[in-house]
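Asks: Here you go, structure_17.cif (mmCIF, C-alpha atoms and all ligand atoms):
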data_protein
#
loop_
_atom_site.label_atom_id
_atom_site.label_comp_id
_atom_site.auth_asym_id
_atom_site.auth_seq_id
_atom_site.Cartn_x
_atom_site.Cartn_y
_atom_site.Cartn_z
CA MET A 1 -11.57 -13.64 19.91
CA ASP A 2 -14.32 -15.16 17.79
CA PRO A 3 -13.39 -14.72 14.07
CA ALA A 4 -16.71 -13.01 13.27
CA ASP A 5 -16.20 -10.50 16.10
CA SER A 6 -12.61 -9.90 14.93
CA ILE A 7 -13.79 -9.06 11.39
CA CYS A 8 -16.48 -6.67 12.70
CA GLN A 9 -13.91 -5.00 14.96
CA ILE A 10 -11.46 -4.51 12.07
CA GLY A 11 -14.35 -3.15 9.97
CA LYS A 12 -15.09 -0.51 12.62
CA ARG A 13 -11.42 0.43 12.77
CA LEU A 14 -11.21 0.81 8.97
CA ASP A 15 -14.25 3.08 9.15
CA GLU A 16 -12.75 5.18 12.00
CA LEU A 17 -9.47 5.51 10.13
CA ARG A 18 -11.37 6.47 6.94
CA PHE A 19 -9.62 3.68 5.07
CA ALA A 20 -12.89 2.48 3.47
CA ALA A 21 -15.37 5.02 2.05
CA ALA A 22 -19.02 3.91 1.65
CA ASN A 23 -18.93 0.12 1.12
CA ASP A 24 -15.24 -0.09 0.15
CA GLY A 25 -12.82 -2.70 1.43
CA ASN A 26 -13.08 -6.32 2.51
CA ILE A 27 -11.74 -8.46 5.34
CA SER A 28 -11.39 -12.22 5.74
CA ILE A 29 -10.18 -14.76 8.28
CA ARG A 30 -9.10 -18.34 7.55
CA LEU A 31 -11.25 -20.96 9.31
CA GLU A 32 -10.68 -24.69 9.65
CA ASP A 33 -11.55 -27.24 6.93
CA ASN A 34 -10.52 -25.05 3.95
CA ARG A 35 -13.14 -22.41 4.68
CA VAL A 36 -12.78 -18.65 4.88
CA LEU A 37 -15.02 -16.16 6.72
CA CYS A 38 -15.39 -12.91 4.76
CA THR A 39 -17.28 -9.63 4.49
CA PRO A 40 -20.33 -9.25 2.22
CA THR A 41 -20.52 -7.04 -0.85
CA MET A 42 -22.23 -3.63 -0.67
CA HIS A 43 -22.11 -3.26 3.10
CA SER A 44 -20.36 -0.53 5.11
CA LYS A 45 -17.44 -1.99 7.04
CA GLY A 46 -18.26 0.23 10.02
CA SER A 47 -21.75 -1.21 10.63
CA MET A 48 -21.31 -4.97 10.21
CA THR A 49 -22.53 -7.55 12.73
CA PRO A 50 -21.56 -11.25 12.68
CA VAL A 51 -24.81 -12.24 10.89
CA ASP A 52 -23.79 -10.11 7.87
CA LEU A 53 -20.68 -12.23 7.19
CA CYS A 54 -20.29 -15.04 4.62
CA VAL A 55 -18.35 -18.31 4.55
CA VAL A 56 -16.69 -19.43 1.30
CA ASP A 57 -14.66 -22.48 0.35
CA ASN A 58 -11.13 -22.46 -1.13
CA ASP A 59 -12.54 -21.77 -4.60
CA GLY A 60 -14.68 -18.85 -3.49
CA LYS A 61 -17.97 -20.77 -3.57
CA GLN A 62 -20.32 -19.37 -0.95
CA ILE A 63 -21.21 -21.93 1.73
CA SER A 64 -23.25 -19.79 4.12
CA GLY A 65 -24.41 -16.24 4.81
CA LYS A 66 -27.55 -14.34 3.75
CA LYS A 67 -25.63 -11.66 1.86
CA ARG A 68 -23.50 -12.21 -1.24
CA ARG A 69 -19.77 -12.43 -0.63
CA SER A 70 -17.47 -9.74 -2.00
CA SER A 71 -16.01 -10.49 -5.46
CA GLU A 72 -12.65 -9.33 -4.12
CA VAL A 73 -12.48 -12.30 -1.72
CA MET A 74 -10.78 -14.11 -4.61
CA LEU A 75 -7.75 -11.88 -3.96
CA HIS A 76 -7.76 -13.06 -0.33
CA LEU A 77 -7.97 -16.73 -1.38
CA GLU A 78 -4.91 -16.28 -3.59
CA ILE A 79 -2.97 -15.03 -0.55
CA TYR A 80 -4.13 -17.95 1.65
CA ARG A 81 -3.14 -20.38 -1.12
CA HIS A 82 0.43 -19.03 -1.29
CA ARG A 83 0.94 -18.28 2.40
CA PRO A 84 0.01 -21.06 4.84
CA ASP A 85 1.24 -18.82 7.69
CA VAL A 86 -1.41 -16.15 6.94
CA ASN A 87 -4.79 -16.27 8.74
CA CYS A 88 -6.23 -12.82 8.03
CA VAL A 89 -6.36 -10.51 4.98
CA VAL A 90 -7.44 -6.84 4.94
CA HIS A 91 -8.10 -4.94 1.71
CA CYS A 92 -9.00 -1.24 1.79
CA HIS A 93 -8.32 2.15 0.22
CA PRO A 94 -6.25 4.12 2.78
CA PRO A 95 -5.86 7.58 1.24
CA HIS A 96 -2.13 8.25 1.67
CA ALA A 97 -0.96 4.82 0.50
CA THR A 98 -3.54 4.97 -2.31
CA ALA A 99 -1.99 8.29 -3.39
CA PHE A 100 1.25 6.35 -3.98
CA ALA A 101 -0.81 3.68 -5.82
CA VAL A 102 -2.24 6.32 -8.15
CA ALA A 103 1.10 8.11 -8.67
CA ARG A 104 2.78 4.69 -9.00
CA GLU A 105 5.55 6.14 -6.88
CA ALA A 106 7.83 3.52 -5.26
CA ILE A 107 7.42 3.43 -1.46
CA PRO A 108 10.85 4.73 -0.34
CA GLN A 109 13.09 2.47 1.73
CA CYS A 110 15.46 3.39 4.56
CA VAL A 111 13.55 6.38 5.91
CA LEU A 112 11.75 5.32 9.13
CA PRO A 113 13.21 2.50 11.30
CA GLU A 114 9.77 1.09 12.28
CA VAL A 115 8.82 0.76 8.63
CA GLU A 116 12.00 -1.22 7.90
CA ILE A 117 11.28 -3.49 10.87
CA PHE A 118 7.55 -4.13 10.34
CA LEU A 119 7.15 -3.77 6.56
CA GLY A 120 10.46 -3.87 4.67
CA GLU A 121 10.19 -3.37 0.91
CA VAL A 122 6.59 -2.68 -0.19
CA PRO A 123 5.73 -3.68 -3.78
CA ILE A 124 3.21 -2.06 -6.17
CA SER A 125 1.31 -4.69 -8.17
CA PRO A 126 0.05 -4.01 -11.73
CA TYR A 127 -3.41 -2.59 -12.27
CA ALA A 128 -6.23 -5.05 -13.02
CA THR A 129 -10.02 -4.70 -12.92
CA PRO A 130 -11.14 -5.40 -9.32
CA GLY A 131 -12.79 -8.80 -8.95
CA SER A 132 -11.50 -10.10 -12.32
CA PRO A 133 -9.29 -13.22 -12.66
CA ALA A 134 -6.43 -10.88 -13.69
CA PHE A 135 -6.88 -9.02 -10.37
CA ARG A 136 -6.12 -12.06 -8.21
CA GLN A 137 -3.22 -12.99 -10.50
CA SER A 138 -1.74 -9.47 -10.33
CA ILE A 139 -0.45 -9.94 -6.78
CA VAL A 140 0.98 -13.47 -7.12
CA PRO A 141 4.62 -12.44 -7.84
CA PHE A 142 4.72 -10.40 -4.62
CA ILE A 143 2.83 -12.47 -2.00
CA GLN A 144 5.82 -14.52 -0.77
CA ASP A 145 8.13 -11.63 0.09
CA CYS A 146 6.01 -9.03 1.89
CA ASN A 147 3.06 -8.45 4.23
CA VAL A 148 1.44 -5.52 2.42
CA ILE A 149 1.00 -4.83 -1.31
CA VAL A 150 0.03 -1.52 -2.90
CA LEU A 151 -2.46 -2.21 -5.71
CA ALA A 152 -1.86 0.23 -8.61
CA ASN A 153 -4.71 2.74 -9.03
CA HIS A 154 -6.75 0.97 -6.36
CA GLY A 155 -5.61 0.60 -2.70
CA THR A 156 -3.78 -1.87 -0.47
CA VAL A 157 -3.97 -5.44 0.74
CA SER A 158 -2.18 -6.58 3.90
CA PHE A 159 -2.02 -9.98 5.55
CA GLY A 160 -0.76 -11.53 8.76
CA GLN A 161 -0.75 -14.45 11.11
CA THR A 162 -3.43 -12.79 13.27
CA ALA A 163 -6.23 -10.31 12.55
CA PRO A 164 -4.63 -7.38 14.46
CA MET A 165 -1.32 -7.94 12.62
CA ALA A 166 -3.00 -7.87 9.20
CA LEU A 167 -4.51 -4.49 10.04
CA TRP A 168 -1.32 -3.09 11.61
CA PHE A 169 0.59 -3.44 8.35
CA THR A 170 -1.95 -1.24 6.54
CA GLU A 171 -1.97 1.28 9.38
CA ILE A 172 1.84 1.47 9.46
CA LEU A 173 2.01 1.89 5.67
CA ASP A 174 -0.61 4.64 5.51
CA ALA A 175 0.95 6.56 8.44
CA TYR A 176 4.32 6.29 6.67
CA CYS A 177 2.93 7.54 3.35
CA ARG A 178 1.32 10.46 5.20
CA VAL A 179 4.64 11.43 6.80
CA LEU A 180 6.37 11.21 3.40
CA ILE A 181 3.83 13.50 1.75
CA LEU A 182 4.13 16.00 4.66
CA ALA A 183 7.94 15.90 4.67
CA ARG A 184 8.03 16.58 0.97
CA GLN A 185 6.08 19.77 1.53
CA LEU A 186 8.85 20.83 3.95
CA GLY A 187 11.43 20.38 1.22
CA GLY A 188 12.13 16.65 0.98
CA ILE A 189 13.25 13.61 2.92
CA HIS A 190 16.57 12.35 4.28
CA HIS A 191 17.38 8.64 4.09
CA ILE A 192 19.15 6.63 6.78
CA SER A 193 22.39 5.01 5.63
CA ASP A 194 22.72 1.44 4.32
CA ASP A 195 24.79 0.59 7.43
CA HIS A 196 22.08 1.87 9.78
CA CYS A 197 19.55 -0.14 7.80
CA ARG A 198 21.72 -3.27 8.18
CA GLU A 199 21.57 -2.74 11.96
CA LEU A 200 17.76 -2.82 11.71
CA LEU A 201 17.92 -5.99 9.61
CA ALA A 202 20.07 -7.58 12.34
CA TYR A 203 17.26 -6.86 14.83
CA LYS A 204 14.75 -8.39 12.43
CA GLN A 205 16.86 -11.52 12.22
CA GLU A 206 17.16 -11.67 16.01
CA TRP A 207 13.37 -11.33 16.40
CA ASP A 208 12.73 -13.83 13.62
CA PHE A 209 10.94 -11.29 11.39
CA SER A 210 10.98 -12.28 7.75
CA ASP A 211 12.68 -9.99 5.18
CA PRO A 212 14.03 -10.95 1.71
CA ARG A 213 16.96 -8.63 2.40
CA ILE A 214 18.04 -11.24 4.98
CA TYR A 215 17.23 -14.49 3.16
CA GLY A 216 16.68 -13.56 -0.53
CA PRO A 217 19.07 -13.88 -3.49
CA ASN A 218 20.19 -10.26 -2.96
CA ALA A 219 20.62 -10.66 0.80
CA ASN A 220 22.62 -7.84 2.36
CA CYS A 221 23.59 -6.41 -1.07
CA ASN A 222 21.96 -3.04 -1.50
CA VAL A 223 19.57 -2.93 1.43
CA CYS A 224 18.05 0.42 0.41
CA GLY A 225 18.03 -0.35 -3.32
CA HIS A 226 14.58 -1.91 -3.82
CA GLU A 227 16.29 -5.13 -4.96
CA THR A 228 13.37 -7.48 -4.24
CA PHE A 229 10.68 -6.00 -6.49
CA ARG A 230 12.53 -3.57 -8.79
CA ALA A 231 12.38 -6.02 -11.72
CA HIS A 232 8.58 -5.42 -11.83
CA TRP A 233 8.76 -1.62 -11.87
CA GLU A 234 8.90 -1.12 -15.63
CA ALA A 235 5.92 -3.37 -16.37
CA VAL A 236 3.86 -1.77 -13.59
CA GLY A 237 4.98 1.80 -14.41
CA VAL A 238 6.54 2.38 -10.98
CA THR A 239 9.04 5.25 -10.76
CA GLN A 240 10.88 7.24 -8.09
CA ARG A 241 9.92 10.74 -9.21
CA ALA A 242 8.96 12.28 -5.88
CA PHE A 243 11.27 10.30 -3.55
CA PRO A 244 14.45 9.20 -5.37
CA HIS A 245 17.15 7.52 -3.28
CA PRO A 246 20.47 9.47 -3.37
CA SER A 247 22.24 6.41 -4.82
CA SER A 248 19.92 6.34 -7.85
CA GLY A 249 21.46 9.53 -9.27
CA GLU A 250 17.95 10.81 -10.07
CA SER A 251 17.21 14.35 -9.03
CA GLY A 252 13.45 13.74 -8.92
CA ILE A 253 10.87 16.47 -9.12
CA GLU A 254 11.06 19.23 -6.58
CA ALA A 255 8.07 20.14 -4.41
CA GLY A 256 6.29 23.03 -6.08
CA GLN A 257 7.73 22.19 -9.50
CA GLY A 258 5.30 23.10 -12.22
CA VAL A 259 4.67 26.55 -10.71
CA THR A 260 6.14 29.11 -13.13
CA THR A 261 7.99 32.04 -11.61
CA LEU A 262 7.87 35.17 -13.79
CA SER A 263 10.84 37.52 -13.97
CA GLU A 264 10.39 41.29 -13.60
CA SER A 265 11.00 41.84 -17.35
CA ASP A 266 8.32 39.19 -18.18
CA ILE A 267 5.84 41.07 -16.00
CA GLU A 268 6.77 44.38 -17.69
CA LYS A 269 6.21 42.85 -21.15
CA ILE A 270 2.80 41.48 -20.12
CA ALA A 271 1.83 44.85 -18.59
CA GLU A 272 2.83 46.63 -21.85
CA ARG A 273 0.71 44.22 -23.91
CA VAL A 274 -2.29 44.65 -21.61
CA ALA A 275 -1.92 48.44 -21.72
CA SER A 276 -1.72 48.43 -25.53
CA LYS A 277 -4.84 46.19 -25.79
CA LEU A 278 -6.71 48.47 -23.38
CA GLY A 279 -5.57 51.49 -25.44
CA LYS A 280 -6.99 49.89 -28.62
CA LEU A 281 -10.30 49.11 -26.87
CA ASN A 282 -10.64 52.71 -25.62
CA ARG A 283 -10.03 54.17 -29.07
ZN ZN A 301 -10.99 -2.30 -3.43
#
Could you show the structure in this file as structure tokens?
Ligand SMILES: [Zn+2]
Replies:
Amino acid sequence: MDPADSICQIGKRLDELRFAAANDGNISIRLEDNRVLCTPTMHSKGSMTPVDLCVVDNDGKQISGKKRRSSEVMLHLEIYRHRPDVNCVVHCHPPHATAFAVAREAIPQCVLPEVEIFLGEVPISPYATPGSPAFRQSIVPFIQDCNVIVLANHGTVSFGQTAPMALWFTEILDAYCRVLILARQLGGIHHISDDHCRELLAYKQEWDFSDPRIYGPNANCNVCGHETFRAHWEAVGVTQRAFPHPSSGESGIEAGQGVTTLSESDIEKIAERVASKLGKLNR
């Protein structure tokens, strides 16, 4: 498919999925000769046509397009610079994954097999003002070892060899986060065992899917232990409050915690106080 048509199609999909409110989000595709086709600023992703798109060079300088390019395209260029295998980048604000970005809750591992196969460990990058030089730098430590990054207090960015793949990773992540939030309301989640997860990693290896748990320095150690990105948690403020792994020894916070349950004697004491106040008022 023509790259401009691909971007417009992904834009429509983001709009249908409600992953980009108003003019949120941006999409790009790598072209030949160090050029990148990208979405314009201040334009709804659901109503773009090919003439609305912009072309920028490797440094973000606009080469063509009537509308101004998004400032967030610099984030995309950082990904293309570090990942020659990537040809499409999708940034948006999918609500369930963004809830994890706001809570800075680690995306749990070893829960759904498809998530282990297609995503693996998902990092949360530190917060930085969107469009600033710090913003593009914030994702650099994570780009090599994943295909989707949760941006703290902001949204997500996913990337792939093809345009559909780049979008799939966001869709899979947001669907996963939605299931997690729903399951927690039912009382919590169960993890699959490390051994079952190793079986999934064997499939990944067979299918030639990349995963640092196969090739990284901690390969096959603690496959459910967030080994790849845990070193960044403290600086980013990432915790496992809502979804602790059983091996962490953390009890986490229970669903509904924060709601105070009053005992019968508490209620009696309050009733007595109210009655005495009413008595004083009636005097
Ligand atoms: Zn954004």
Asks: Kindly compile the residues surrounding ligand ZN 301 (chain A) within 9 Å, counting only C-alpha atoms and all ligand atoms, and format them as an mmCIF file with C-alpha atoms, keeping the file's coordinate frame.
Replies:
data_model
loop_
_atom_site.group_PDB
_atom_site.id
_atom_site.type_symbol
_atom_site.label_atom_id
_atom_site.label_comp_id
_atom_site.auth_asym_id
_atom_site.auth_seq_id
_atom_site.Cartn_x
_atom_site.Cartn_y
_atom_site.Cartn_z
ATOM 1 C CA ALA A 20 -12.890 2.480 3.470
ATOM 2 C CA ASP A 24 -15.240 -0.090 0.150
ATOM 3 C CA GLY A 25 -12.820 -2.700 1.430
ATOM 4 C CA ASN A 26 -13.080 -6.320 2.510
ATOM 5 C CA GLU A 72 -12.650 -9.330 -4.120
ATOM 6 C CA HIS A 91 -8.100 -4.940 1.710
ATOM 7 C CA CYS A 92 -9.000 -1.240 1.790
ATOM 8 C CA HIS A 93 -8.320 2.150 0.220
ATOM 9 C CA PRO A 130 -11.140 -5.400 -9.320
ATOM 10 C CA GLY A 131 -12.790 -8.800 -8.950
ATOM 11 C CA LEU A 151 -2.460 -2.210 -5.710
ATOM 12 C CA HIS A 154 -6.750 0.970 -6.360
ATOM 13 C CA GLY A 155 -5.610 0.600 -2.700
ATOM 14 C CA THR A 156 -3.780 -1.870 -0.470
ATOM 15 C CA VAL A 157 -3.970 -5.440 0.740
#
Asks: Mind checking which residues fall within 9 Å of region 8-12 of chain A, counting all atoms listed in the file, ignoring those fewer than 6 positions away in the same chain, and posting them as a PyMOL selection string?
Replies: chain A and resi 20+25-27+39+44-50+53+90+163-164+167
Asks: How would you write as a compact mmCIF listing (two decimals) with C-alpha atoms, keeping the file's coordinate frame the residues that get within 6 Å of (-4.8, 8.1, -9.0) in the file's frame, counting all atoms listed in the file?
Replies:
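Result file follows (point_35.txt):
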# COMPACT_ATOMS: atom_id res chain seq x y z
CA VAL A 102 -2.24 6.32 -8.15
CA ALA A 103 1.10 8.11 -8.67
CA ASN A 153 -4.71 2.74 -9.03
Asks: Skip Gly216 (chain A) itself and residues of its chain fewer than 6 positions away, then list as a ChimeraX atom specification all residues within 10 Å of it, counting all atoms listed in the file.
Replies: /A:145,227-228
Asks: What is the distance between CA of Gln137 (chain A) and CA of Pro123 (chain A), in Å to one decimal?
Replies: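 Calculated distance between CA of Gln137 (chain A) and CA of Pro123 (chain A) is 14.6 Å.
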Asks: What residues have an atom no more than 12 Å from (20.6, 11.9, 7.9) in the file's own frame, counting all atoms listed in the file, and can you write them as a PDB file with C-alpha atoms, in the frame of the given file?
Replies:
ATOM      1  CA  CYS A 110      15.460   3.390   4.560  1.00  0.00           C
ATOM      2  CA  VAL A 111      13.550   6.380   5.910  1.00  0.00           C
ATOM      3  CA  LEU A 112      11.750   5.320   9.130  1.00  0.00           C
ATOM      4  CA  GLY A 188      12.130  16.650   0.980  1.00  0.00           C
ATOM      5  CA  ILE A 189      13.250  13.610   2.920  1.00  0.00           C
ATOM      6  CA  HIS A 190      16.570  12.350   4.280  1.00  0.00           C
ATOM      7  CA  HIS A 191      17.380   8.640   4.090  1.00  0.00           C
ATOM      8  CA  ILE A 192      19.150   6.630   6.780  1.00  0.00           C
ATOM      9  CA  SER A 193      22.390   5.010   5.630  1.00  0.00           C
ATOM     10  CA  ASP A 194      22.720   1.440   4.320  1.00  0.00           C
ATOM     11  CA  HIS A 196      22.080   1.870   9.780  1.00  0.00           C
ATOM     12  CA  PRO A 246      20.470   9.470  -3.370  1.00  0.00           C
TER      13      PRO A 246
END
Asks: Check the smallest atom-to-atom distance from each of A:Asp33, A:Glu206, A:Asp195, A:Asp174 to Ala97 (chain A) using all atoms listed in the file, then report the winner.
Replies: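 Under the stated criterion, the closest residue is A:Asp174.
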Asks: Hey, which of A:Leu201, A:Ala22, A:Ala242, A:Leu31 ends up closest to Arg184 (chain A)? Count only C-alpha atoms.
Replies: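 Of A:Leu201, A:Ala22, A:Ala242, A:Leu31, the one nearest Arg184 (chain A), counting only C-alpha atoms, is A:Ala242.
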Asks: Have a look at CA of Pro108 (chain A) and CA of His76 (chain A) and let me know their distance in Å, one decimal.
Replies: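 Between these atoms lies a distance of 25.7 Å.
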Asks: Grab the CA of His226 (chain A) to CA of Arg18 (chain A) distance for me, in Å with one decimal place.
Replies: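 Interatomic distance here is 29.3 Å.
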Asks: Skipping near chain neighbours, those fewer than 5 positions away, what residues fall within 7 Å of Asn147 (chain A) using all atoms listed in the file, listed as a VMD selection string?
Replies: chain A and resid 119 158 to 160 169
